[in-house]
Amino acid sequence: MFLGFDSSTQSLTAVLIDPAGGKIVCQKSVNFGVDLPDYLSPSGFIPGSEAGEVHADPRMWLDALDLLFSRLSAAADLSQVGMIAGSGQQHGSVYLDGTFEKRLASLDASRGLVEQVAAALTRATSPIWMDTSTGAECAEITAALGGPEEVCRRSGSVAIERFTGPQIRRFYKQSPEDYERTKHIHLVSSFMASVLCGKSVSVDFGDAAGMNLLNLESLSWDGKLLGATAPQLLEKLPPPAPATTVQGVVSPYFTKKYGLSPACRCALFTGDNPASLVGMGATAPGNIVISLGTSDTFFAAMPGPRTDPNGFGHVFGNPAGGFMSLICFRNGSLAREALRDRLGVDWSAFERGALAETRGMAGQNLMLPFFGPEITPRFDFSAPVFGGGGDFTHGSHPGLQIRALLEGQFLNMRRHSEWMAVKPERIRLTGGASKNDGIAQLVADIFQAPVERLETGNSAALGAALIAAAADGWQMDSLQAAFCHAEAGSGLAPDPSLGPVYEDAGRRFGELLDDTIHGR
Ligand code: XUL
């Protein structure tokens, strides 16, 4: 059996699979806000910070690991687990001193992880992917490289506030002494993998590419980017490696405490998006994944490392080999919820039946669906922008605004994924809002591609379990064929008559967007 973890923003989840039987044996989760209320992080991060900072307490992740293992060991026989892998929210970083490895090597199973590991932290809290505090550092790194194109050419992304390199630079500038005594800088993924393995382990290519530090051509740390970020950085970073690289056996702490076998091995943890690509059965080009969550993400396997000329999209490693793209849209559920509240309706107004009432208005009214700052495209929106008649703009017919919001979200997604030059052959939808048939049909119609939904709600943790099995020698494509089924009856075909309607709407949407951003 194989165990996959997902250390995400709001929870830590584990999925245990039996590939021989093609079955998920057990799934357990710890919700940080609900299960660990003492960390005062109801949504998994410390609320109320300023200047764009969003941090989380890494001790909370350690406590969650102990708690999750106690739940898992009560529910399943962990001695049968042959390999563990995992995924973590991308970009978040953990800073540790020279005692980290010694502490991991001598963990006492009669005590907890936090009390034994936390003293190694040189930075009490970890910046996570929601942090936007590093605008100055992004500008400095970009200037040192000679422009955004060069940063993008080397690392797969222009310098991005939430990416780890700019975050490291900010730490170095703000607390040079703490930076100096930092001997290991880990991503959330490689930190969790290190704790499990009882030593400081590698960071995988998939997640390493979200740092603005990895050279995508050589798949090694890029000397120029490192130099522009902070001094002596190379010696603090774990070496990059493929996710399926076996790092060793699990730490005796977990064997003694939770009944894992001393022969159980550990592969790497990757980023949650690369792991989801695996768990959604989409590691081969032609498949697109759209995840509808707090923010919406669009990701897909790519035959080669093509980069976004506009600098909004990112290129990460594909755990099955090669590369994947990722585009993140900040105004996802946030915008859907904001419109729902503003119109005083409930989710039924977003359902298939309600959307059918306005089908005749498909692609007619336009909305730039941004209730707050957006990152794709990068612009400080404060409210949505309307392009349409009075009835629509005044909200006297809520259904028109809901249709225009959803259409705007997917027209924006289509527009900003064109650089990948990948024709979507199949779209796999995941995330809370993907259950909604009305939204799923809109996605099929706007992209003119068939849409499927998968049975798992934990695609990242499942992907991690599949990576663990692949690290043990199982074939990735047969694993995906066994575990990544579309939900029966969840398939939706596009309506070809709407193809030209949304072509035209896409053109007009682009004009409205350009005019708004350029103040015309
Ligand atoms: C990707 C990103 C988010 C996090 C969420 O670039 O920032 O999708 O990975 O956990």
# chains A, B, ... in the order shown; residues from 1 in each chain; ligands from 1
$ residues_around --residues "range 374-388 of chain A" --least-positions-apart "6" --cutoff "8 Å" --atoms "only C-alpha atoms" --output "PyMOL selection string"
chain A and resi 312-313+327-331+364-368+416+512+517
$ residues_near_ligand --ligand "ligand 1" --cutoff "7 Å" --atoms "only C-alpha atoms and all ligand atoms" --output "PyMOL selection string"
chain A and resi 8-9+88-91+129-130+162+210+271-273+297+326+328
$ atom_distance --atom1 "CA of Pro166 in chain A" --atom2 "CA of Ser93 in chain A"
11.1 Å
$ closest_residue --among "A:Asp77, A:Asp504, A:Asp477, A:Glu101" --to "Ser261 in chain A" --atoms "only C-alpha atoms"
A:Asp77
$ residues_around --residues "range 139-151 of chain A" --least-positions-apart "3" --cutoff "9 Å" --atoms "only C-alpha atoms" --output "PDB file with N, CA and C atoms, in the first residue's frame"
ATOM      1  N   THR A 134       6.301  41.246  -1.584  1.00  0.00           N
ATOM      2  CA  THR A 134       7.675  41.325  -2.099  1.00  0.00           C
ATOM      3  C   THR A 134       7.802  42.055  -3.442  1.00  0.00           C
ATOM      4  N   GLY A 135       6.949  43.054  -3.658  1.00  0.00           N
ATOM      5  CA  GLY A 135       7.031  43.815  -4.907  1.00  0.00           C
ATOM      6  C   GLY A 135       8.431  44.398  -5.128  1.00  0.00           C
ATOM      7  N   ALA A 136       9.029  44.969  -4.065  1.00  0.00           N
ATOM      8  CA  ALA A 136      10.354  45.608  -4.204  1.00  0.00           C
ATOM      9  C   ALA A 136      11.395  44.550  -4.562  1.00  0.00           C
ATOM     10  N   ARG A 154      14.725  31.864 -17.826  1.00  0.00           N
ATOM     11  CA  ARG A 154      15.488  30.940 -16.971  1.00  0.00           C
ATOM     12  C   ARG A 154      14.572  30.106 -16.069  1.00  0.00           C
ATOM     13  N   SER A 155      13.624  30.789 -15.402  1.00  0.00           N
ATOM     14  CA  SER A 155      12.909  30.093 -14.313  1.00  0.00           C
ATOM     15  C   SER A 155      11.499  29.640 -14.682  1.00  0.00           C
ATOM     16  N   GLY A 156      10.996  30.063 -15.872  1.00  0.00           N
ATOM     17  CA  GLY A 156       9.645  29.657 -16.265  1.00  0.00           C
ATOM     18  C   GLY A 156       8.576  30.638 -15.835  1.00  0.00           C
ATOM     19  N   SER A 157       8.956  31.652 -15.060  1.00  0.00           N
ATOM     20  CA  SER A 157       7.996  32.672 -14.612  1.00  0.00           C
ATOM     21  C   SER A 157       8.761  33.980 -14.445  1.00  0.00           C
ATOM     22  N   VAL A 158       8.086  35.096 -14.662  1.00  0.00           N
ATOM     23  CA  VAL A 158       8.680  36.374 -14.259  1.00  0.00           C
ATOM     24  C   VAL A 158       8.740  36.367 -12.732  1.00  0.00           C
ATOM     25  N   ALA A 159       9.438  37.347 -12.153  1.00  0.00           N
ATOM     26  CA  ALA A 159       9.519  37.381 -10.679  1.00  0.00           C
ATOM     27  C   ALA A 159       8.117  37.643 -10.116  1.00  0.00           C
ATOM     28  N   GLY A 165      11.875  32.743  -4.115  1.00  0.00           N
ATOM     29  CA  GLY A 165      13.097  33.552  -4.231  1.00  0.00           C
ATOM     30  C   GLY A 165      12.881  34.968  -3.709  1.00  0.00           C
ATOM     31  N   PRO A 166      11.886  35.695  -4.230  1.00  0.00           N
ATOM     32  CA  PRO A 166      11.632  37.034  -3.696  1.00  0.00           C
ATOM     33  C   PRO A 166      11.321  37.027  -2.193  1.00  0.00           C
ATOM     34  N   ARG A 169      14.596  36.767  -0.410  1.00  0.00           N
ATOM     35  CA  ARG A 169      15.315  38.045  -0.454  1.00  0.00           C
ATOM     36  C   ARG A 169      14.751  39.014   0.598  1.00  0.00           C
ATOM     37  N   ASN A 212      11.349  30.845  -8.640  1.00  0.00           N
ATOM     38  CA  ASN A 212      12.173  31.822  -9.375  1.00  0.00           C
ATOM     39  C   ASN A 212      13.663  31.576  -9.113  1.00  0.00           C
ATOM     40  N   LYS A 224      22.797  32.759 -11.516  1.00  0.00           N
ATOM     41  CA  LYS A 224      22.487  34.190 -11.630  1.00  0.00           C
ATOM     42  C   LYS A 224      21.269  34.571 -10.790  1.00  0.00           C
ATOM     43  N   LEU A 225      20.245  33.719 -10.822  1.00  0.00           N
ATOM     44  CA  LEU A 225      19.045  34.012 -10.015  1.00  0.00           C
ATOM     45  C   LEU A 225      19.374  33.929  -8.524  1.00  0.00           C
ATOM     46  N   GLY A 227      22.267  34.502  -7.163  1.00  0.00           N
ATOM     47  CA  GLY A 227      23.087  35.673  -6.844  1.00  0.00           C
ATOM     48  C   GLY A 227      22.242  36.929  -6.681  1.00  0.00           C
ATOM     49  N   ALA A 228      21.170  37.034  -7.475  1.00  0.00           N
ATOM     50  CA  ALA A 228      20.312  38.226  -7.398  1.00  0.00           C
ATOM     51  C   ALA A 228      19.365  38.149  -6.199  1.00  0.00           C
ATOM     52  N   THR A 229      19.281  36.994  -5.558  1.00  0.00           N
ATOM     53  CA  THR A 229      18.288  36.797  -4.492  1.00  0.00           C
ATOM     54  C   THR A 229      18.880  37.034  -3.107  1.00  0.00           C
ATOM     55  N   PRO A 309       4.474  34.813 -22.758  1.00  0.00           N
ATOM     56  CA  PRO A 309       5.108  36.094 -23.093  1.00  0.00           C
ATOM     57  C   PRO A 309       4.574  37.248 -22.249  1.00  0.00           C
ATOM     58  N   GLY A 311       3.836  36.922 -19.074  1.00  0.00           N
ATOM     59  CA  GLY A 311       4.359  36.755 -17.719  1.00  0.00           C
ATOM     60  C   GLY A 311       3.323  36.399 -16.662  1.00  0.00           C
TER      61      GLY A 311
END
$ select_by_dssp --residues "range 289-434 of chain A" --states "strand (DSSP E)" --output "ChimeraX atom specification"
/A:289-292,296-302,314-317,323-329,366-368,374-375,378-379,385-387,426-430
$ residues_around --residues "Ala105 in chain A" --least-positions-apart "5" --cutoff "9 Å" --atoms "only C-alpha atoms" --output "short mmCIF file (atom, residue, chain, number, x, y, z; two decimals) with N, CA, C and O atoms, in the first residue's frame"
data_model
loop_
_atom_site.label_atom_id
_atom_site.label_comp_id
_atom_site.auth_asym_id
_atom_site.auth_seq_id
_atom_site.Cartn_x
_atom_site.Cartn_y
_atom_site.Cartn_z
N PHE A 100 18.73 21.37 12.71
CA PHE A 100 17.53 20.72 12.15
C PHE A 100 17.76 19.22 11.95
O PHE A 100 16.99 18.38 12.42
N GLY A 198 13.31 11.91 8.41
CA GLY A 198 14.29 12.02 9.49
C GLY A 198 15.60 12.66 9.07
O GLY A 198 16.61 12.54 9.76
N LYS A 199 15.59 13.36 7.95
CA LYS A 199 16.79 14.10 7.51
C LYS A 199 16.35 15.13 6.47
O LYS A 199 15.26 15.03 5.91
N SER A 251 11.40 7.83 9.18
CA SER A 251 12.06 8.03 10.48
C SER A 251 11.49 7.07 11.53
O SER A 251 10.28 6.84 11.59
N PRO A 252 12.37 6.53 12.43
CA PRO A 252 11.90 5.61 13.48
C PRO A 252 10.81 6.24 14.35
O PRO A 252 10.00 5.54 14.95
#
